[in-house]
Amino acid sequence: MSRRSLRNAFTLVELLVVIAIIGILVGLLLPAVQAAREAARRMSCGNNIKQINLALHNYESTHKKLPFGWNTHGTLWSAMILPYMEQTNLYDTLLFTESGVGNWDSGSANTKAAETIVSAFKCPSTPLPDHMAYNGIVDRFPASYRGNAGSEVTSDDTSTLPVANTKSLEMLNLDGIFWACSKTRFGDVTDGLSNTIFIGESHTDPDFSKDGQGMDFWIIGSPQADPCACNGGTGGTEFTEAVGGTYPQINAQMRTPAVSGQLMEIAFGSYHTGGAMMGIGDGSVTFMAENTDLTVYRALGSRNKGEVVNVQQ
């Protein structure tokens with residue numbers, strides 16, 4: 001008697017079950033993979049701030065003061081620490097003149113410097129291209145980190161203060177670390193280096209604006225800050241390209257969309273979930289929650305008000 005040979009194979013139902021199981025597993029694993037990638041990006045972001053903090057310490061050790069927030073040429077603090085970040089060749093191209101080729105949008109070496117990719121100034125979680133056309137600079141490099149101007153500032157300009165009895169970035173001797181032609185020394189940080197924010201991560205988004213204020217933050221130099229006279233009066237604007245402050249809460253743009261564009265622009269923030277990376281004056285880096293108590297957060301933004309706080313609070 002002949003026998004038919006039987007062939008083992010999946011039935012259609014079995015195949016569909018296997019596909020469904022694989023789909024479920026992929027759905028379960030994908031968020032974990034994405035979370036792992038974001039954790040790696042956040043760690044890299046923290047390393048960037050660590051590098052910037054170290055450069056600031058080396059600058060202060062050499063010059064007995066920290067760099068200015070910006071000067072009368074529109075040069076930003078980030079330009080001044082380039083030699084301490086293995087970027088001496090880039091620093092040596094800068095032209096420290098008031099006009100002509102010294103202008104940041106003149107197409108000169110200064111323009112090229114503002115277009116140069118310096119990866120340590122950009123968080124890898126930031127979903128922006130490395131080059132963006134802005135303020136006459138065709139390939140401007142966006143920054144993720146700004147200096148801390150303090151706990152009192154709420155606007156670039158005194159004429160647009162959104163909160164009474166606060167300060168603008170036009171004013172001098174703010175209670176933070178960086179402002180117009182500032183010369184802050186470590187000895188001026190009487191609240192303690194371990195209790196004072198030096199560098200804050202920022203939610204850079206040049207395509208978003210409110211009340212005429214754009215969330216554009218940059219490195220090296222600023223065409224709009226250039227007219228600043230460093231005398232506490234008007235002249236120049238958009239100093240928020242280089243510095244922020246701790247008066248508004250972290251991630252104000254997303255958490256409190258009803259606040260003014262001025263406060264959104266001043267606020268620190270990030271593309272991470274739940275907070276932002278901060279560089280502390282003692283060289284440490286911490287991830288600060290966006291729901292940190294405002295009294296504590298503002299105290300960490302001032303250098304000399306005598307508050308008793310701890311950066312871990």
# chains A, B, ... in the order shown; residues from 1 in each chain; ligands from 1
>>> residues_around(residues="Asn304 of chain A", least_positions_apart="3", cutoff="9 Å", atoms="only C-alpha atoms", output="PyMOL selection string")
chain A and resi 175-176+188-192+307
>>> write_last_selection(atoms="N, CA and C atoms", output="short mmCIF file (atom, residue, chain, number, x, y, z; two decimals), in the first residue's frame")
data_model
loop_
_atom_site.label_atom_id
_atom_site.label_comp_id
_atom_site.auth_asym_id
_atom_site.auth_seq_id
_atom_site.Cartn_x
_atom_site.Cartn_y
_atom_site.Cartn_z
N ASP A 175 22.10 89.65 39.50
CA ASP A 175 22.49 88.78 40.61
C ASP A 175 22.94 87.39 40.17
N GLY A 176 23.14 87.22 38.86
CA GLY A 176 23.62 85.94 38.35
C GLY A 176 25.12 85.95 38.12
N ASP A 188 33.05 86.47 44.16
CA ASP A 188 31.80 87.22 44.18
C ASP A 188 30.59 86.31 44.43
N VAL A 189 30.80 85.01 44.30
CA VAL A 189 29.70 84.06 44.48
C VAL A 189 29.63 83.69 45.95
N THR A 190 29.11 84.62 46.74
CA THR A 190 29.11 84.44 48.19
C THR A 190 28.09 83.41 48.67
N ASP A 191 27.14 83.06 47.83
CA ASP A 191 26.20 81.99 48.19
C ASP A 191 26.86 80.62 48.13
N GLY A 192 28.04 80.56 47.53
CA GLY A 192 28.74 79.29 47.39
C GLY A 192 28.64 78.75 45.98
N GLU A 307 20.73 83.12 50.51
CA GLU A 307 19.72 82.08 50.77
C GLU A 307 20.40 80.78 51.20
#
>>> select_by_dssp(residues="segment 33-199 of chain A", states="strand (DSSP E)", output="number ranges by chain")
A: 132-134, 137-140, 145-148, 153-155, 167-168, 197-199
>>> atom_distance(atom1="atom CA of Arg140 of chain A", atom2="atom CA of Val118 of chain A")
11.3 Å
>>> select_by_dssp(residues="segment 100-295 of chain A", states="alpha helix (DSSP H)", output="PyMOL selection string")
chain A and resi 109-115+252-255+261-266+294-295
>>> write_last_selection(atoms="N, CA and C atoms", output="mmCIF file, in the first residue's frame")
data_model
loop_
_atom_site.group_PDB
_atom_site.id
_atom_site.type_symbol
_atom_site.label_atom_id
_atom_site.label_comp_id
_atom_site.auth_asym_id
_atom_site.auth_seq_id
_atom_site.Cartn_x
_atom_site.Cartn_y
_atom_site.Cartn_z
ATOM 1 N N ALA A 109 35.358 86.405 8.819
ATOM 2 C CA ALA A 109 35.741 85.273 9.673
ATOM 3 C C ALA A 109 34.826 85.161 10.883
ATOM 4 N N ASN A 110 34.302 86.281 11.364
ATOM 5 C CA ASN A 110 33.369 86.233 12.493
ATOM 6 C C ASN A 110 32.089 85.500 12.123
ATOM 7 N N THR A 111 31.592 85.751 10.924
ATOM 8 C CA THR A 111 30.407 85.028 10.454
ATOM 9 C C THR A 111 30.688 83.545 10.364
ATOM 10 N N LYS A 112 31.842 83.204 9.805
ATOM 11 C CA LYS A 112 32.206 81.793 9.675
ATOM 12 C C LYS A 112 32.316 81.124 11.038
ATOM 13 N N ALA A 113 32.808 81.859 12.027
ATOM 14 C CA ALA A 113 32.927 81.301 13.375
ATOM 15 C C ALA A 113 31.552 81.010 13.962
ATOM 16 N N ALA A 114 30.592 81.923 13.727
ATOM 17 C CA ALA A 114 29.235 81.722 14.235
ATOM 18 C C ALA A 114 28.534 80.577 13.520
ATOM 19 N N GLU A 115 29.056 80.169 12.365
ATOM 20 C CA GLU A 115 28.476 79.065 11.603
ATOM 21 C C GLU A 115 29.174 77.731 11.880
ATOM 22 N N ALA A 252 9.152 76.705 30.756
ATOM 23 C CA ALA A 252 7.966 77.561 30.822
ATOM 24 C C ALA A 252 7.162 77.516 29.527
ATOM 25 N N GLN A 253 7.850 77.375 28.396
ATOM 26 C CA GLN A 253 7.153 77.355 27.103
ATOM 27 C C GLN A 253 6.124 76.238 27.027
ATOM 28 N N MET A 254 6.469 75.067 27.563
ATOM 29 C CA MET A 254 5.568 73.926 27.505
ATOM 30 C C MET A 254 4.638 73.835 28.716
ATOM 31 N N ARG A 255 5.137 74.179 29.902
ATOM 32 C CA ARG A 255 4.368 73.995 31.129
ATOM 33 C C ARG A 255 3.354 75.109 31.360
ATOM 34 N N GLY A 261 5.855 85.941 26.144
ATOM 35 C CA GLY A 261 6.982 85.491 25.347
ATOM 36 C C GLY A 261 8.311 85.877 25.961
ATOM 37 N N GLN A 262 8.340 87.003 26.686
ATOM 38 C CA GLN A 262 9.578 87.420 27.346
ATOM 39 C C GLN A 262 10.019 86.395 28.388
ATOM 40 N N LEU A 263 9.072 85.896 29.187
ATOM 41 C CA LEU A 263 9.421 84.904 30.203
ATOM 42 C C LEU A 263 9.808 83.578 29.570
ATOM 43 N N MET A 264 9.106 83.197 28.493
ATOM 44 C CA MET A 264 9.478 81.971 27.787
ATOM 45 C C MET A 264 10.913 82.045 27.286
ATOM 46 N N GLU A 265 11.275 83.221 26.768
ATOM 47 C CA GLU A 265 12.607 83.395 26.190
ATOM 48 C C GLU A 265 13.690 83.369 27.259
ATOM 49 N N ILE A 266 13.398 83.925 28.417
ATOM 50 C CA ILE A 266 14.367 83.934 29.519
ATOM 51 C C ILE A 266 14.551 82.539 30.108
ATOM 52 N N LEU A 294 9.934 77.084 43.075
ATOM 53 C CA LEU A 294 10.455 78.312 42.475
ATOM 54 C C LEU A 294 11.345 79.102 43.441
ATOM 55 N N THR A 295 11.028 79.075 44.718
ATOM 56 C CA THR A 295 11.858 79.782 45.687
ATOM 57 C C THR A 295 13.263 79.202 45.713
#
>>> closest_residue(among="A:Ile137, A:Ala164, A:Ala79, A:Ile49", to="Cys123 of chain A", atoms="only C-alpha atoms")
A:Ile49
>>> closest_residue(among="A:Ser144, A:Gln224, A:Ser155, A:Ser44", to="Asp105 of chain A", atoms="only C-alpha atoms")
A:Gln224
>>> closest_atom_pairs(of="segment 181-235 of chain A", to="segment 55-64 of chain A", cutoff="10 Å", atoms="only C-alpha atoms", output="tab-separated table")
residue	atom	partner	partner_atom	distance
A:Lys183	CA	A:Lys64	CA	9.0
A:Thr184	CA	A:Lys64	CA	8.9
A:Arg185	CA	A:Lys64	CA	6.4
A:Phe186	CA	A:Glu60	CA	7.7
A:Gly187	CA	A:Lys64	CA	9.6
A:Phe198	CA	A:Leu56	CA	9.1
A:Ile199	CA	A:Leu56	CA	9.9
>>> write_last_selection(atoms="C-alpha atoms", output="mmCIF file, in the first residue's frame")
data_model
loop_
_atom_site.group_PDB
_atom_site.id
_atom_site.type_symbol
_atom_site.label_atom_id
_atom_site.label_comp_id
_atom_site.auth_asym_id
_atom_site.auth_seq_id
_atom_site.Cartn_x
_atom_site.Cartn_y
_atom_site.Cartn_z
ATOM 1 C CA LYS A 183 33.565 90.413 35.366
ATOM 2 C CA THR A 184 32.298 87.946 37.936
ATOM 3 C CA ARG A 185 34.933 86.302 40.105
ATOM 4 C CA PHE A 186 34.524 83.129 42.093
ATOM 5 C CA GLY A 187 34.912 85.270 45.191
ATOM 6 C CA PHE A 198 26.416 78.855 36.084
ATOM 7 C CA ILE A 199 25.063 77.184 32.928
#
>>> closest_atom_pairs(of="segment 102-212 of chain A", to="segment 21-43 of chain A", cutoff="12 Å", atoms="only C-alpha atoms", output="tab-separated table")
residue	atom	partner	partner_atom	distance
A:Lys122	CA	A:Arg41	CA	11.0
A:Cys123	CA	A:Arg41	CA	7.6
A:Pro124	CA	A:Arg41	CA	5.6
A:Ser125	CA	A:Arg41	CA	5.9
A:Thr126	CA	A:Arg41	CA	9.5
A:Pro127	CA	A:Arg41	CA	11.7
A:Glu201	CA	A:Arg42	CA	11.1
>>> write_last_selection(atoms="C-alpha atoms", output="mmCIF file, in the first residue's frame")
data_model
loop_
_atom_site.group_PDB
_atom_site.id
_atom_site.type_symbol
_atom_site.label_atom_id
_atom_site.label_comp_id
_atom_site.auth_asym_id
_atom_site.auth_seq_id
_atom_site.Cartn_x
_atom_site.Cartn_y
_atom_site.Cartn_z
ATOM 1 C CA LYS A 122 24.523 71.487 21.387
ATOM 2 C CA CYS A 123 22.605 68.774 23.236
ATOM 3 C CA PRO A 124 22.167 65.623 21.109
ATOM 4 C CA SER A 125 18.478 65.513 22.110
ATOM 5 C CA THR A 126 17.854 68.823 20.325
ATOM 6 C CA PRO A 127 15.968 68.040 17.079
ATOM 7 C CA GLU A 201 20.188 74.019 29.277
#
>>> closest_residue(among="A:Ser209, A:Thr292, A:Thr237, A:Asn71", to="Ile250 of chain A", atoms="only C-alpha atoms")
A:Thr292
>>> residues_around(residues="Asn148 of chain A", least_positions_apart="6", cutoff="7 Å", atoms="only C-alpha atoms", output="list of chain:residue names")
A:Gly176, A:Ile177, A:Phe178, A:Ile197, A:Phe198, A:Ile199, A:Gly200, A:Val243, A:Gly244, A:Gly245, A:Gly301
